[in-house]
Structures are given as structure tokens and as C-alpha cells.
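Visitor: My questions will all concern the structure given below.
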Amino acid sequence: MTMDKEHHHSEDRTSPADAWADARAMIDAPDGSINIAYEAIDRHVEQGHGEDIAMLWLGKTGSRLPFTYADLADASGRLANVLAAHGLTKGDSVFALMGRVPELYVTALGTLKAGMIFTPLFSAFGPEPIQTRMEIGSANVLVTTAELYKRKIAGWRDQIPSLRLVLILGDDAPEGCVALGPAMAAASPSFQTVRTGPEDPALIHFTSGTTGKPKGAVHVHNAVVYHAFSGRYALDLTPGTIYWCTADPGWVTGTSYGIIAPLVNRVTMIVDEAEFDLDRWYSTVQNEKVEVWYSAPTAIRMMMRSGADAAAPYDFSSIRFLASVGEPLNPEAVIWSEKVFGQPFHDNWWQTETGGIMIANRPGMTVRPGSMGQPMPGIEAGIVERGEQGLAELGSGQVGELALRPGWPSMMRAYLHEQARYDKCFVDGWYLSGDLALRDADGYFWFVGRADDLIKTSGHLIGPFEVESALIEHPAVAEAGVIGIPDETAGEIVKAYVTLNPGYDPDAQLERELRGHARKKLGPAVAPREVIFRKTLPKTRSGKIMRRLLKARELGLPEGDISTLESDES
Ligand code: ATP
Ligand code: MG
């Protein structure tokens with residue numbers, strides 16, 4: 001294995017001031033103003049890179065359309081002019097509801113150019129989650145397709161008084177809406193980017209809703225400083241890199257690292273309109289010669305499920321760096337990817353709230369399978385515990401809440417309309433993440449679980465990730481979700497839900513075998529008492545296992561907010 005490269009110690013930390021000075025030097029920010037779209041697109045055109053390919057769009061049905069930086073400058077300028085022509089101004093709120101089509105990217109950039117606030121939604125959301133989010137975000141504009149409008153919006157549109165304009169992709173629009181195609185064609189491509197300051201709001205991202213009702217996190221234009229920096233140093237994005245982020249912009253990863261960070265670093269980004277399909281994905285990496293690939297554990301586990309044989313016919317020699325985010329990456333997945341792609345997936349950790357990658361296995365770092373890596377330069381992370389005297393920082397090897405020193409450029413500035421909840425995240429000079437982790441003696445951080453998911457059994461504290469990873473090491477298991485069930489004697493007992501790889505039968509013998517396997521790996525106190533077989537596990541649209549839902553269903557409790565729930569056949 002080539003995981004042992006150069007060794008990085010936690011001591012060689014860069015001070016935040018130095019890191020942000022370096023980061024600011026990566027962008028232009030003329031005379032104190034700063035605008036994400038200008039940094040992502042127009043700056044490159046002005047500097048003579050207009051003919052570089054910014055986006056290579058792969059359509060569901062096989063089309064392959066390149067867009068240069070000049071093309072995106074032109075289209076986003078037209079979109080900004082369309083918004084302005086309808087009387088919209090700086091600070092207005094623009095929502096996008098569509099698949100991963102080129103117009104989504106143009107809408108994001110045009111909105112930012114116009115100094116307006118951009119909010120992307122998953123096109124697969126039902127009417128209700130869309131309406132709720134547009135209410136919370138006081139939407140003034142919606143850009144969508146005729147079909148989505150008819151199916152999901154038309155019925156309640158009048159209930160959002162702030163909504164002034166609905167733009168419909170293509171040449172025809174239903175009554176009360178404006179067709180975007182002719183409007184764009186009539187608009188001028190040149191638009192003077194609206195002057196925005198570092199603290200002007202730019203984006204609203206809703207959290208994944210894994211632990212409860214999604215929160216709307218507000219991000220500002222200054223975030224681009226951190227997107228530039230982390231794209232370069234956590235993902236190895238350099239001008240001309242062929243880069244593929246598989247996330248949908250409806251989730252923060254698909255915007256921070258699926259639009260902004262790559263364009264600011266002047267890469268060629270691949271955008272695939274289609275959903276996961278093993279052969280399509282492998283062919284795309286091979287044929288487009290993808291160099292940097294950023295994906296998520298749920299997709300990686302799907303690849304693993306199909307086996308190394310399915311990958312064998314493809315040529316992956318273009319790959320230079322692989323990264324993963326969104327959920328803990330099981331050590332098994334790291335080792336598997338090293339074998340199949342000649343590169344391990346490098347796990348990194350962050351949240352909608354942090355706006356960018358905070359802890360990472362960076363290029364060149366020694367990967368410790370199962371670890372999230374180390375804090376980015378300029379990021380100070382700690383493991384803390386709430387005590388009577390406020391927060392106490394814990395030493396290495398101790399499990400506590402993962403906390404960050406606020407102050408990096410892409411930190412959220414608010415939870416929309418939830419000031420108290422926002423304030424509660426900050427205690428004694430720390431931002432509290434709600435995740436539990438530990439730091440080892442060498443400064444690597446290890447994810448334990450979300451604070452809500454921790455299991456307390458017979459005096460032990462158990463993180464579900466540890467148990468899930470042990471189960472996944474068994475050849476029969478594809479995915480696992482582990483929860484604690486109340487128990488009179490033990491406090492809680494550990495219960496596992498698993499999906500199986502092809503060729504395995506969900507019978508009593510396998511159940512016994514899995515419990516035995518877990519007992520050997522984890523010891524009797526930590527191993528699950530019961531293993532339940534499922535065809536699928538409940539997940540968010542961003543691919544996260546919803547343990548709270550497994551638990552609510554197990555205990556017959558209310559399911560809570562399920563607006564982000566994806567497939568669910570359980
Ligand atoms: P909500 O806050 O609405 O419950 P969410 O926390 O899942 O949803 P996101 O902001 O999309 O919403 O996800 C961030 C969370 O995802 C982190 O707090 C962490 O729990 C998990 N996560 C992200 N990356 C990793 C990682 N590399 N390892 C472990 N967990 C991760
Ligand atoms: Mg969260």
C-alpha cells in the first residue's frame with residue numbers, strides 16, 4: 001500500500017492569520033469588494049483564460065457539452081440582466097429547483113453576480129419541503145422547469161407573497177411565469193457585477209435534516225476565500241485539473257465544491273446530470289480522464305458492493321486524488337479503494353455550517369483508514385466537554401464534542417430565523433459541531449458519532465460508527481446502521497440494521513454469524529445483540545443514514561421531519 005507517504009505532525013500548524021493571508025492572495029477582491037461569481041468566472045476571463053473549459057456537462061441521454069469560462073461569463077451575465085430587468089435588486093432571494101442541468105450553474109453564478117442570494121434545492125424534493133424552504137428563505141424568484149412547476153409549485157404558489165418572479169427553463173412558460181429561453185436571448189451578456197462586500201449574504205444552504213428539522217445556514221461572499229484555499233489544499237485543485245464532484249448542489253457539497261471551489265481554482269469540472277450508475281461512473285472517470293474525484297461514502301459503498309471485478313476492465317490511471325465527505329468513511333472502504341483505484345479515498349469532515357472542509361486527509365498526508373485526518377491549515381479544532389465551569393478541552397484519546405475556533409471565512413453567519421439556536425452553537429470561544437470525536441496522539445481526528453446517536457450500555461459509551469464499520473468488514477454486509485434501544489438492565493442495547501451484498505441470504509444462520517463476527521471484533525459489550533436485515537436503510541437525499549428514523553420506527557415514536565428522506569422501502 002502506498003498510504004505511507006510523508007509524515008505530517010500536528011505541530012506544524014499554520015496560524016489562522018497566515019493561512020487567511022495566503023488564502024486571500026488566491027483571489028482578486030478588487031478595492032475591498034468581493035463577489036463569488038466574479039472570482040469564479042469573470043476574473044479568469046479578464047486574465048485571458050476565457051477559452052479554458054469550465055464545465056463539461058454530461059446529459060442523461062448521452063450529450064456531452066463543454067462550456068468555456070467565457071460561455072459561463074456570457075450566460076451568467078444574461079441571467080443577471082434578466083433578474084435586473086424584472087426589478088430585482090441586491091439582497092433579493094433566488095431559489096433554484098432543477099436537476100443538474102447547465103442552467104442550474106448559470107443561475108447560481110448569475111444570481112451571485114447580481115448581488116442576490118442563491119438557494120439551491122434538490123429537484124426530487126416534494127412540494128411540502130420546497131414550500132417550507134421557500135418560506136423560510138423569503139424567496140423572491142424561483143427558477144425551475146415547467147414540469148416541476150406544474151407538479152410541485154403551482155398548487156401553493158400564491159401562499160408565498162414574497163415570490164415575485166418564476167422563471168421557467170426553455171421557450172414556453174405556464175401562465176404567470178416567464179420563459180427563460182427568450183428572456184436570456186434578448187438580454188445583454190455584459191453585466192457589471194454588483195459590488196458586494198465580504199459580509200454580504202450570498203448563499204443559503206439547508207442542512208441535511210439527518211438529526212431533525214433542517215436549518216437554513218446563511219453564507220457570505222467572503223466564503224470564497226476559504227473555497228479557493230480549501231479547494232487547492234484539501235482537494236488538490238489546480239488550473240486545468242479535470243475534476244468531478246458527484247454531489248448535487250441541493251446539498252452544500254455540490255455548491256461549495258461542485259461550483260465555487262473548482263471554478264475559483266480554474267479547473268474543468270465534470271457535471272453529470274444522471275444519478276449513480278456503476279458503469280456510467282467508471283466510464284466517466286476513464287473516458288474523461290478524471291484526475292480528482294470527490295464523492296461520498298454511500299456511493300463508495302455501492303461501488304464496493306459491486307466488487308473489484310466490476311472495476312477491473314476500466315483504466316483509472318488518470319486519477320490523482322480521491323476524496324470523500326458526508327458520513328464516516330469505513331476503513332474497509334479506504335483499503336478497498338486503494339486496491340481498486342490505486343489511491344485511497346481521503347476522508348474529510350465538514351458541515352453545512354462550516355461552509356468548507358475543516359478536517360481532512362490532505363494530498364500527501366499519510367492516510368489512517370477510518371480517520372477524518374487533521375485540521376486544515378488555519379483551522380483550530382479541539383475535543384471538548386461541557387462541565388460546570390464551562391467547556392473543558394480534553395486530551396488525546398478522549399471522546400468528546402468536536403469543536404472549532406470560529407473565524408474562518410466560510411463560517412455560517414446565521415441560522416435563518418433561529419437566532420437562539422445559532423447562539424447556542426457558540427460557547428466559551430468555541431463553535432460546537434454536535435459531533436463526537438477523538439484526537440489521537442499524532443493529531444488525527446476520529447469520528448465517533450453524532451452526539452444524538454451515542455449509545456450508552458452497561459457503563460460503556462458506544463459510537464455507532466465503530467460497530468457499523470466492524471459489520472461492514474464481513475463479506476456479506478453492504479451497509480449498516482446501528483442504534484441504541486432502551487433496556488431495563490443495560491440502559492440501552494445495541495441493535496444493528498444491515499443490507500447485504502449480492503449472493504447472501506438474510507437467514508438466522510447469517511444473523512448469528514454476524515453477531516459472532518462483531519463480538520470477535522468489538523467484544524461482547526459493544527457488539528450488537530440483534531441484527532436486522534433490510535433491503536435499504538433510510539437515508540437523506542445527500543446519502544446519510546438516518547439513524548433517528550430507525551430508532552423512531554423501532555420504538556413506535558413519531559418520525560419527526562422526514563422532508564429530506566430519500567428511498568425508503570424498509
Ligand atoms: P442536520 O444538521 O440537519 O441534522 P446534517 O448534519 O447531516 O443534517 P450536513 O451539514 O449536510 O447536515 O452534514 C454534516 C454532518 O455530516 C456532520 O456534522 C457529520 O455528522 C457528518 N459528516 C460529514 N462528513 C463526515 C465525515 N467525514 N465523517 C463523519 N461524519 C461526517
Ligand atoms: Mg448537522
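Each chain of the C-alpha cells is named A, B, ... in the order shown, its residues numbered from 1; ligands are numbered from 1 in display order.
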Which residues of chain A come within 10 Å of ligand 2, and what is each one's closest atom pair and distance in Å (one decimal), counting only C-alpha atoms and all ligand atoms, sorted by chain and residue number, as JSON lines?

Guide:
{"residue": "A:Phe206", "atom": "CA", "partner": "ligand 2", "partner_atom_place_in_ligand_line": "1 (Mg)", "distance": 9.7}
{"residue": "A:Thr207", "atom": "CA", "partner": "ligand 2", "partner_atom_place_in_ligand_line": "1 (Mg)", "distance": 6.1}
{"residue": "A:Ser208", "atom": "CA", "partner": "ligand 2", "partner_atom_place_in_ligand_line": "1 (Mg)", "distance": 6.9}
{"residue": "A:Gly209", "atom": "CA", "partner": "ligand 2", "partner_atom_place_in_ligand_line": "1 (Mg)", "distance": 7.2}
{"residue": "A:Thr210", "atom": "CA", "partner": "ligand 2", "partner_atom_place_in_ligand_line": "1 (Mg)", "distance": 7.0}
{"residue": "A:Thr211", "atom": "CA", "partner": "ligand 2", "partner_atom_place_in_ligand_line": "1 (Mg)", "distance": 6.8}
{"residue": "A:Gly212", "atom": "CA", "partner": "ligand 2", "partner_atom_place_in_ligand_line": "1 (Mg)", "distance": 8.7}
{"residue": "A:Lys213", "atom": "CA", "partner": "ligand 2", "partner_atom_place_in_ligand_line": "1 (Mg)", "distance": 9.8}
{"residue": "A:Pro214", "atom": "CA", "partner": "ligand 2", "partner_atom_place_in_ligand_line": "1 (Mg)", "distance": 8.2}
{"residue": "A:Lys215", "atom": "CA", "partner": "ligand 2", "partner_atom_place_in_ligand_line": "1 (Mg)", "distance": 8.4}
{"residue": "A:Trp350", "atom": "CA", "partner": "ligand 2", "partner_atom_place_in_ligand_line": "1 (Mg)", "distance": 9.5}
{"residue": "A:Gln351", "atom": "CA", "partner": "ligand 2", "partner_atom_place_in_ligand_line": "1 (Mg)", "distance": 6.4}
{"residue": "A:Thr352", "atom": "CA", "partner": "ligand 2", "partner_atom_place_in_ligand_line": "1 (Mg)", "distance": 7.0}
{"residue": "A:Glu353", "atom": "CA", "partner": "ligand 2", "partner_atom_place_in_ligand_line": "1 (Mg)", "distance": 7.6}
{"residue": "A:Ser433", "atom": "CA", "partner": "ligand 2", "partner_atom_place_in_ligand_line": "1 (Mg)", "distance": 7.5}
{"residue": "A:Gly434", "atom": "CA", "partner": "ligand 2", "partner_atom_place_in_ligand_line": "1 (Mg)", "distance": 7.1}
{"residue": "A:Asp435", "atom": "CA", "partner": "ligand 2", "partner_atom_place_in_ligand_line": "1 (Mg)", "distance": 8.3}
{"residue": "A:Arg450", "atom": "CA", "partner": "ligand 2", "partner_atom_place_in_ligand_line": "1 (Mg)", "distance": 8.7}

Visitor: List the spatial neighbours of segment 497-513 of chain A as a PyMOL selection string - criterion: any atom at most 12 Å away, only C-alpha atoms, same-chain residues fewer than 4 positions off excluded.

Guide: chain A and resi 301-307+464+467-484+517-520+527-538+545-547+549-551+554+569-570

Visitor: Please, could you write that set of residues out with C-alpha atoms as a compact mmCIF listing (two decimals), in the first residue's frame?

Guide:
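selection_11.txt, freshly written:
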# COMPACT_ATOMS: atom_id res chain seq x y z
CA ARG A 301 -20.14 1.51 -0.60
CA MET A 302 -22.28 0.96 -3.71
CA MET A 303 -19.12 0.54 -5.75
CA MET A 304 -17.75 -1.89 -3.18
CA ARG A 305 -20.97 -3.83 -3.29
CA SER A 306 -20.42 -4.49 -7.00
CA GLY A 307 -16.97 -5.87 -6.28
CA PRO A 464 -22.44 3.65 16.07
CA VAL A 467 -19.99 -1.03 15.24
CA GLU A 468 -21.08 -0.29 11.66
CA SER A 469 -17.51 -0.45 10.40
CA ALA A 470 -16.95 -3.83 12.06
CA LEU A 471 -20.11 -5.21 10.46
CA ILE A 472 -19.11 -3.91 7.03
CA GLU A 473 -15.86 -5.84 7.25
CA HIS A 474 -17.93 -9.02 6.98
CA PRO A 475 -18.18 -10.02 3.30
CA ALA A 476 -21.97 -10.34 3.48
CA VAL A 477 -22.62 -6.77 4.66
CA ALA A 478 -23.02 -3.81 2.31
CA GLU A 479 -24.26 -1.15 4.73
CA ALA A 480 -25.08 -0.93 8.39
CA GLY A 481 -26.97 1.45 10.66
CA VAL A 482 -26.62 0.97 14.41
CA ILE A 483 -28.81 2.38 17.20
CA GLY A 484 -29.39 2.01 20.94
CA HIS A 517 -18.17 -11.67 13.85
CA ALA A 518 -18.97 -8.41 15.65
CA ARG A 519 -18.32 -9.98 19.06
CA LYS A 520 -14.88 -11.09 17.92
CA ALA A 527 -21.34 -5.99 19.65
CA PRO A 528 -25.00 -5.79 18.61
CA ARG A 529 -27.45 -8.05 20.40
CA GLU A 530 -29.62 -8.20 17.36
CA VAL A 531 -29.05 -7.81 13.63
CA ILE A 532 -31.99 -6.98 11.37
CA PHE A 533 -31.82 -7.46 7.60
CA ARG A 534 -33.20 -4.71 5.38
CA LYS A 535 -33.37 -4.15 1.63
CA THR A 536 -32.45 -0.49 2.11
CA LEU A 537 -31.69 1.82 5.02
CA PRO A 538 -33.49 5.16 5.37
CA ILE A 545 -28.16 7.04 7.06
CA MET A 546 -31.00 8.39 9.23
CA ARG A 547 -30.41 6.53 12.48
CA LEU A 549 -35.63 7.17 11.89
CA LEU A 550 -34.50 3.58 12.50
CA LYS A 551 -34.92 4.31 16.18
CA GLU A 554 -38.23 0.65 16.31
CA GLU A 569 -38.56 0.58 1.34
CA SER A 570 -37.98 -0.61 4.87

Visitor: Please measure the separation of atom CA of Ser188 of chain A and atom CA of His221 of chain A, giving the value in Å to one decimal.

Guide: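 Answer for the atom CA of Ser188 of chain A to atom CA of His221 of chain A separation: 24.6 Å.
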
Visitor: When distances are computed from only C-alpha atoms and all ligand atoms, which of A:Thr145, A:Thr457, A:Thr366, A:Thr354 shows the smallest separation from ligand 1?

Guide: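 With only C-alpha atoms and all ligand atoms as the atom set, the closest residue is A:Thr354.
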
Visitor: Based on the backbone DSSP call, show me all residues of segment 401-504 of chain A assigned alpha helix (DSSP H), as a VMD selection string.

Guide: chain A and resid 419 to 423 464 to 472

Visitor: Can you tell me, as a PyMOL selection string, which residues in segment 42-224 of chain A count as strand (DSSP E) by DSSP?

Guide: chain A and resi 53-58+64-68+93-97+117-121+141-144+165-168+178-179+201-206+216-220

Visitor: Which residues are near Ala414 of chain A? Cut-off 8 Å, only C-alpha atoms, ignore same chain within fewer than 6 positions. Put them as a ChimeraX atom specification.

Guide: /A:217-219,422

Visitor: Point out the residue among A:Trp349, A:Phe445, A:Tyr38, A:Phe321 with the least atom-to-atom distance to ligand 1, counting only C-alpha atoms and all ligand atoms.

Guide: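 Between A:Trp349, A:Phe445, A:Tyr38, A:Phe321, the residue approaching ligand 1 most closely is A:Trp349.
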
Visitor: Can you list, as a list in words, every protein, DNA or RNA residue that comes within 9 Å of Gly400 of chain A when you count only C-alpha atoms, leaving out same-chain residues fewer than 5 positions away?

Guide: Gly382, Ile383, Val384, Glu385, Arg386, Glu393, Leu394, Asp435, Leu436, Ala437, Leu438, Val448 and Ala451 of chain A

Visitor: I want to know what sits within 10 Å of Ala185 of chain A, based on only C-alpha atoms, with residues of the same chain fewer than 5 positions away left out; could you give that as a list in words?

Guide: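 Contacts, with the query itself left out: Ala75, Arg78, Leu79, Val82 and Leu180 of chain A.
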
Visitor: Between A:Tyr226, A:Phe125, A:Tyr105, A:Phe465, single out the one closest to ligand 1, counting only C-alpha atoms and all ligand atoms.

Guide: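 Smallest distance to ligand 1 is found for A:Phe465.
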
Visitor: I need the residue nearest ligand 1 from this list: A:Lys495, A:Arg164, A:His205, A:Arg280. Use only C-alpha atoms and all ligand atoms for the distance.

Guide: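 So, comparing all the options, the nearest one is A:His205.
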
Visitor: State, in Å with one decimal place, the distance from atom CA of Phe67 of chain A to atom CA of Lys289 of chain A.

Guide: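 Pair atom CA of Phe67 of chain A / atom CA of Lys289 of chain A returns 17.3 Å.
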
Visitor: Quick one: of A:Leu163, A:Leu565, A:Ile359, A:Ala183, who's nearest to Asn81 of chain A, counting only C-alpha atoms?

Guide: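 So, comparing all the options, the nearest one is A:Ala183.
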
Visitor: If we count only C-alpha atoms and set the cut-off at 9 Å, which residues sit around Leu404 of chain A, ignoring sequence neighbours fewer than 3 positions away in its own chain? Please answer as a CSV table (one decimal) with N, CA and C atoms, in the first residue's frame.

Guide:
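The new file result26.csv reads:
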chain,number,residue,atom,x,y,z
A,358,MET,N,-13.0,21.3,6.9
A,358,MET,CA,-12.4,21.7,8.2
A,358,MET,C,-11.3,20.7,8.6
A,379,ILE,N,-7.1,26.2,10.7
A,379,ILE,CA,-8.3,25.7,11.5
A,379,ILE,C,-7.8,25.1,12.8
A,380,GLU,N,-8.4,25.6,13.9
A,380,GLU,CA,-8.1,25.1,15.2
A,380,GLU,C,-9.2,24.3,15.6
A,381,ALA,N,-9.0,23.0,15.8
A,381,ALA,CA,-10.1,22.1,16.3
A,381,ALA,C,-9.7,21.5,17.6
A,382,GLY,N,-10.7,21.3,18.4
A,382,GLY,CA,-10.5,20.7,19.7
A,382,GLY,C,-11.6,19.7,20.1
A,383,ILE,N,-11.3,18.8,21.1
A,383,ILE,CA,-12.3,17.9,21.6
A,383,ILE,C,-12.7,18.5,23.0
A,429,GLY,N,-15.9,30.7,23.3
A,429,GLY,CA,-14.9,30.9,22.2
A,429,GLY,C,-14.8,29.7,21.3
A,430,TRP,N,-15.7,28.7,21.4
A,430,TRP,CA,-15.7,27.5,20.5
A,430,TRP,C,-17.0,27.5,19.8
A,431,TYR,N,-16.9,27.0,18.6
A,431,TYR,CA,-18.2,26.6,17.8
A,431,TYR,C,-18.3,25.1,18.1
A,432,LEU,N,-19.5,24.7,18.6
A,432,LEU,CA,-19.7,23.2,18.9
A,432,LEU,C,-20.4,22.6,17.7
A,433,SER,N,-19.9,21.5,17.2
A,433,SER,CA,-20.4,20.9,16.0
A,433,SER,C,-21.5,19.9,16.2

Visitor: Check the smallest atom-to-atom distance from each of A:Leu278, A:Ile335, A:Val252, A:Ala73 to ligand 1 using only C-alpha atoms and all ligand atoms, then report the winner.

Guide: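 Of the candidates, the smallest distance to ligand 1 is held by A:Val252.
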